[in-house]
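A.B. asks: Shown below is the structure under consideration.
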Amino acid sequence: MQIAYRARDITEAHIIAGLLKAHGIDAHVGGHYLQGAMGEIGTAGFTNVHVDDEDWVRSRALVEDYEANRLEPS
């Protein structure tokens, strides 16, 4: 498995995992239990979305499209 996305928090990780799953890519979110212990641990790099090796290239293309079209709060 490889990291397809390093999320800011657990919510964002699940958004990305849902996006990937909607495109037929099995995605797993890591960091659930660590966030409960330390709060906003996503900034420390523990909240990641993992995919199988053979899905990594396709998942990265979807993530890059998501990032390019994401609106940041003003």
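Letters for chains follow the order of the structure tokens (A, B, ...), residue numbers begin at 1 for each chain, and ligand numbers begin at 1 in the order shown.
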Which residues are near A:Trp56? Cut-off 12 Å, only C-alpha atoms, ignore same chain within fewer than 3 positions. Put them as a VMD selection string.
C.D. replies: chain A and resid 1 to 5 20 25 to 27 49 to 53 59 to 63
A.B. asks: Nearest residue to A:Glu12 out of A:Arg58, A:Thr47, A:Gly24, A:Asp65, using only C-alpha atoms?
C.D. replies: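 The shortest atom-to-atom distance to A:Glu12 comes from A:Thr47.
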A.B. asks: Looking at only C-alpha atoms, which of A:Arg6, A:Asp55, A:His14, A:Glu67 is the one that sits closest to A:Val29?
C.D. replies: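 Among the listed residues, the smallest separation from A:Val29 belongs to A:His14.
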A.B. asks: Could you jot down the atom CA of A:Asp9 to atom CA of A:Val57 separation for me, Å, one decimal place?
C.D. replies: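 Between atom CA of A:Asp9 and atom CA of A:Val57 the gap works out to 22.7 Å.
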A.B. asks: Just give me the gap between atom CA of A:His23 and atom CA of A:Glu64 in Å, one decimal is fine.
C.D. replies: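 A separation of 14.1 Å between them.
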A.B. asks: In Å to one decimal, how far is atom CA of A:Lys21 from atom CA of A:Tyr66?
C.D. replies: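 Going from atom CA of A:Tyr66 over to atom CA of A:Lys21 covers 13.8 Å.
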